[in-house]
Amino acid sequence: MAVCVAVIAKENYPLYIRSVPTESELKFHYMVHTSLDVVDEKISAMGKALVDQRELYLGLLYPTEDYKVYGYVTNSKVKFVMVVDSSNTALRDNEIRSMFRKLHNSYTDVMCNPFYNPGDRIQSRAFDSMVTTMMIQVC
Amino acid sequence: MRVRSAGRGGAPGARGPGMADTALFEFLLTEMVAELWARDRDPDPGPRGQKTSLSALEGMGFRVGQALGERLPRELPAFREELDALKFLCKDLWAALFQKQMDSLRTNHQGTYVLQDNSFPLLVRMASGVQYVDEAPKFLAFPCGLLRGALSTLGIRSLVTASVTTLPACKFQVVIQKS
């Protein structure tokens with residue numbers, strides 16, 4: 001399960017960032033920040049390659065010794081970054097993809113909410129509860 | 001406003017429970033235009049009052065377009081250039097909203113695009129010909145905002161204007177703003 005989930009707007013500021021163990025929050029924020037460079041690199045590399053359906057999911061961005069960082073970018077250049085625990089044995093690619101798909105669907109619902117101004121921080125409780133289901137620790 | 005979008009239950013273009021959506025939207029738009037015009041007549045009759053109503057309608061269309069620009073391209077591969085985004089507007093966005101595609105898209109390859117619809121569904125209900133050409137812009141403000149909003153979610157800043165010479169054909173001109 002995810003340890004930290006972040007939604008980054010196209011201007012590269014966070015719309016939503018939440019992590020599980022509250023003592024090392026700053027470390028996760030920093031990791032998400034550094035992963036943005038990798039995301040940008042992948043997006044520009046993709047622009048030169050052939051168009052492929054799987055483009056939205058960026059895959060493993062970079063592994064550290066404790067954590068793995070995955071990325072996903074939408075057509076509106078909003079990025080989702082997810083940090084998962086490395087020790088959590090082999091979360092399969094499909095599961096990560098399905099988690100990103102759920103994130104994308106919830107984000108679309110937030111966008112369609114007429115009371116939400118695009119560009120604000122996401123404060124929707126439905127979005128929060130969806131992220132909570134993804135962040136429940138197994139142990 | 002209920003709009004059929006790819007990714008929801010029914011396939012785009014399917015008849016059945018979705019059929020009432022278009023009629024509801026048309027009635028709502030007619031009422032919005034009528035309401036904004038009736039309110040503005042008393043305090044500020046004249047061109048300035050009209051501009052406020054038009055920009056209110058355009059603003060509403062903008063917000064709706066932003067949401068649609070997020071929801072509709074979900075299953076599609078990423079757009080690699082402006083032309084892809086414009087083609088998405090002409091085909092997918094128009095088909096989802098009005099059950100038909102835009103009739104023609106022209107460009108001067110320097111940031112200006114002209115989208116032409118020969119029988120725009122919101123204008124088809126009025127007389128065809130030149131009888132109501134003066135009233136038509138009120139109903140085109142919302143679609144202009146829609147196009148601008150969808151483009152803005154896709155990352156393109158633009159200015160959209162509409163022109164009508166004979167109903168129900170209309171042209172939308174999209175000028176990309178270089179920032």
# chains A, B, ... in the order shown; residues from 1 in each chain; ligands from 1
call {"tool": "residues_around", "arguments": {"residues": "Met102 of chain B", "least_positions_apart": "4", "cutoff": "10 Å", "atoms": "only C-alpha atoms", "output": "list of chain:residue names"}}
result
B:Lys87, B:Leu89, B:Cys90, B:Lys91, B:Asp92, B:Leu93, B:Trp94, B:Ala95, B:Phe98, B:Leu115, B:Gln116, B:Asp117, B:Asn118, B:Ser119, B:Phe120, B:Lys171
call {"tool": "write_last_selection", "arguments": {"atoms": "N, CA, C and O atoms", "output": "short mmCIF file (atom, residue, chain, number, x, y, z; two decimals), in the first residue's frame"}}
result
data_model
loop_
_atom_site.label_atom_id
_atom_site.label_comp_id
_atom_site.auth_asym_id
_atom_site.auth_seq_id
_atom_site.Cartn_x
_atom_site.Cartn_y
_atom_site.Cartn_z
N LYS B 87 -8.22 18.85 -32.67
CA LYS B 87 -8.99 17.75 -33.26
C LYS B 87 -9.85 17.08 -32.19
O LYS B 87 -10.99 16.68 -32.47
N LEU B 89 -11.19 18.62 -29.71
CA LEU B 89 -12.34 19.50 -29.52
C LEU B 89 -13.39 19.23 -30.59
O LEU B 89 -14.57 19.12 -30.31
N CYS B 90 -12.92 19.15 -31.85
CA CYS B 90 -13.87 19.03 -32.95
C CYS B 90 -14.58 17.69 -32.94
O CYS B 90 -15.75 17.60 -33.26
N LYS B 91 -13.82 16.64 -32.61
CA LYS B 91 -14.46 15.32 -32.71
C LYS B 91 -15.08 14.91 -31.37
O LYS B 91 -16.30 14.80 -31.25
N ASP B 92 -14.23 14.71 -30.35
CA ASP B 92 -14.76 14.08 -29.14
C ASP B 92 -15.63 15.02 -28.33
O ASP B 92 -16.72 14.65 -27.89
N LEU B 93 -15.16 16.27 -28.11
CA LEU B 93 -15.93 17.17 -27.26
C LEU B 93 -17.27 17.49 -27.90
O LEU B 93 -18.31 17.41 -27.25
N TRP B 94 -17.25 17.84 -29.19
CA TRP B 94 -18.50 18.20 -29.86
C TRP B 94 -19.44 17.01 -29.92
O TRP B 94 -20.66 17.15 -29.76
N ALA B 95 -18.87 15.81 -30.16
CA ALA B 95 -19.73 14.63 -30.25
C ALA B 95 -20.35 14.32 -28.90
O ALA B 95 -21.51 13.94 -28.81
N PHE B 98 -22.98 17.49 -28.43
CA PHE B 98 -24.05 17.76 -29.39
C PHE B 98 -24.31 16.59 -30.32
O PHE B 98 -25.03 16.74 -31.30
N LEU B 115 -13.19 26.89 -36.58
CA LEU B 115 -14.00 25.69 -36.51
C LEU B 115 -15.37 26.04 -37.04
O LEU B 115 -16.00 26.98 -36.58
N GLN B 116 -15.83 25.29 -38.01
CA GLN B 116 -17.12 25.63 -38.59
C GLN B 116 -18.12 24.52 -38.36
O GLN B 116 -17.83 23.35 -38.56
N ASP B 117 -19.30 24.93 -37.93
CA ASP B 117 -20.38 23.97 -37.73
C ASP B 117 -21.54 24.43 -38.61
O ASP B 117 -22.06 25.52 -38.42
N ASN B 118 -21.93 23.59 -39.57
CA ASN B 118 -22.95 24.04 -40.51
C ASN B 118 -24.35 23.95 -39.97
O ASN B 118 -25.25 24.58 -40.53
N SER B 119 -24.56 23.17 -38.92
CA SER B 119 -25.89 23.21 -38.34
C SER B 119 -25.75 23.02 -36.85
O SER B 119 -25.92 21.94 -36.30
N PHE B 120 -25.41 24.08 -36.19
CA PHE B 120 -25.14 24.05 -34.76
C PHE B 120 -26.43 23.75 -34.00
O PHE B 120 -27.40 24.47 -34.11
N LYS B 171 -19.36 29.92 -36.99
CA LYS B 171 -17.91 29.68 -37.01
C LYS B 171 -17.35 30.10 -35.67
O LYS B 171 -17.68 31.17 -35.15
#
call {"tool": "interface_residues", "arguments": {"of": "chain A", "to": "chain B", "cutoff": "6 Å", "atoms": "only C-alpha atoms", "output": "PyMOL selection string"}}
result
chain A and resi 53+75-76+108+111-112
call {"tool": "write_last_selection", "arguments": {"atoms": "N, CA and C atoms", "output": "mmCIF file, in the first residue's frame"}}
result
data_model
loop_
_atom_site.group_PDB
_atom_site.id
_atom_site.type_symbol
_atom_site.label_atom_id
_atom_site.label_comp_id
_atom_site.auth_asym_id
_atom_site.auth_seq_id
_atom_site.Cartn_x
_atom_site.Cartn_y
_atom_site.Cartn_z
ATOM 1 N N GLN A 53 -0.633 4.060 -26.066
ATOM 2 C CA GLN A 53 -1.735 4.164 -25.123
ATOM 3 C C GLN A 53 -1.263 4.204 -23.682
ATOM 4 N N ASN A 75 -3.757 13.864 -19.194
ATOM 5 C CA ASN A 75 -3.740 14.669 -20.415
ATOM 6 C C ASN A 75 -3.706 16.151 -20.112
ATOM 7 N N SER A 76 -4.122 16.515 -18.908
ATOM 8 C CA SER A 76 -4.086 17.935 -18.564
ATOM 9 C C SER A 76 -2.831 18.264 -17.787
ATOM 10 N N THR A 108 -10.857 13.484 -11.407
ATOM 11 C CA THR A 108 -11.823 13.994 -12.385
ATOM 12 C C THR A 108 -13.111 14.396 -11.694
ATOM 13 N N MET A 111 -12.637 17.710 -10.097
ATOM 14 C CA MET A 111 -12.631 18.766 -11.108
ATOM 15 C C MET A 111 -14.051 19.144 -11.509
ATOM 16 N N CYS A 112 -14.934 18.131 -11.589
ATOM 17 C CA CYS A 112 -16.289 18.394 -12.056
ATOM 18 C C CYS A 112 -17.161 18.982 -10.959
#
call {"tool": "residues_around", "arguments": {"residues": "Asp93 of chain A", "least_positions_apart": "6", "cutoff": "12 Å", "atoms": "only C-alpha atoms", "output": "number ranges by chain"}}
result
A: 57-60, 70-71, 99-100
call {"tool": "write_last_selection", "arguments": {"atoms": "C-alpha atoms", "output": "JSON list (two decimals), in the first residue's frame"}}
result
[["chain", "number", "residue", "atom", "x", "y", "z"],
["A", 57, "TYR", "CA", 1.35, 5.70, -16.61],
["A", 58, "LEU", "CA", 5.03, 6.54, -16.19],
["A", 59, "GLY", "CA", 6.07, 3.56, -14.12],
["A", 60, "LEU", "CA", 8.80, 3.39, -11.53],
["A", 70, "TYR", "CA", 5.79, 5.74, -9.15],
["A", 71, "GLY", "CA", 4.41, 8.41, -11.43],
["A", 99, "MET", "CA", -4.42, 2.63, -7.91],
["A", 100, "PHE", "CA", -3.50, 5.39, -10.34]]
call {"tool": "residues_around", "arguments": {"residues": "Met134 of chain A", "least_positions_apart": "5", "cutoff": "12 Å", "atoms": "only C-alpha atoms", "output": "PyMOL selection string"}}
result
chain A and resi 1-5+18-20+82-84+95-96+98-103+127-129
call {"tool": "select_by_dssp", "arguments": {"residues": "chain B", "states": "alpha helix (DSSP H)", "output": "MDAnalysis selection string"}}
result
chainID B and resid 19:41 47:71 82:88 94:98 121:124 136:153
call {"tool": "select_by_dssp", "arguments": {"residues": "chain A", "states": "strand (DSSP E)", "output": "ChimeraX atom specification"}}
result
/A:2-8,14-19,57-63,67-73,79-85
call {"tool": "write_last_selection", "arguments": {"atoms": "C-alpha atoms", "output": "short mmCIF file (atom, residue, chain, number, x, y, z; two decimals), in the first residue's frame"}}
result
data_model
loop_
_atom_site.label_atom_id
_atom_site.label_comp_id
_atom_site.auth_asym_id
_atom_site.auth_seq_id
_atom_site.Cartn_x
_atom_site.Cartn_y
_atom_site.Cartn_z
CA ALA A 2 1.09 3.54 -0.60
CA VAL A 3 3.00 5.45 2.00
CA CYS A 4 2.55 8.84 0.41
CA VAL A 5 0.28 10.16 -2.34
CA ALA A 6 0.65 13.51 -4.04
CA VAL A 7 -1.24 15.34 -6.76
CA ILE A 8 0.84 18.00 -8.49
CA PRO A 14 1.07 20.45 -4.94
CA LEU A 15 -2.70 20.29 -5.02
CA TYR A 16 -2.82 17.49 -2.51
CA ILE A 17 -0.15 15.68 -0.56
CA ARG A 18 -0.67 13.19 2.18
CA SER A 19 1.60 10.68 3.84
CA TYR A 57 1.35 5.70 -16.61
CA LEU A 58 5.03 6.54 -16.19
CA GLY A 59 6.07 3.56 -14.12
CA LEU A 60 8.80 3.39 -11.53
CA LEU A 61 10.46 6.77 -11.34
CA TYR A 62 13.32 5.90 -9.06
CA PRO A 63 13.93 3.42 -6.26
CA TYR A 67 10.94 3.33 -0.96
CA LYS A 68 9.90 3.18 -4.58
CA VAL A 69 8.34 6.14 -6.35
CA TYR A 70 5.79 5.74 -9.15
CA GLY A 71 4.41 8.41 -11.43
CA TYR A 72 1.40 9.04 -13.68
CA VAL A 73 0.56 12.07 -15.76
CA LYS A 79 0.87 14.55 -12.14
CA PHE A 80 0.18 11.90 -9.58
CA VAL A 81 3.13 10.65 -7.55
CA MET A 82 2.94 7.67 -5.27
CA VAL A 83 5.58 6.48 -2.82
CA VAL A 84 5.37 2.87 -1.70
CA ASP A 85 7.32 0.92 0.86
#
call {"tool": "atom_distance", "arguments": {"atom1": "atom CA of Gly145 of chain B", "atom2": "atom CA of His109 of chain B"}}
result
22.5 Å
call {"tool": "atom_distance", "arguments": {"atom1": "atom CA of Leu140 of chain B", "atom2": "atom CA of Phe88 of chain B"}}
result
19.6 Å
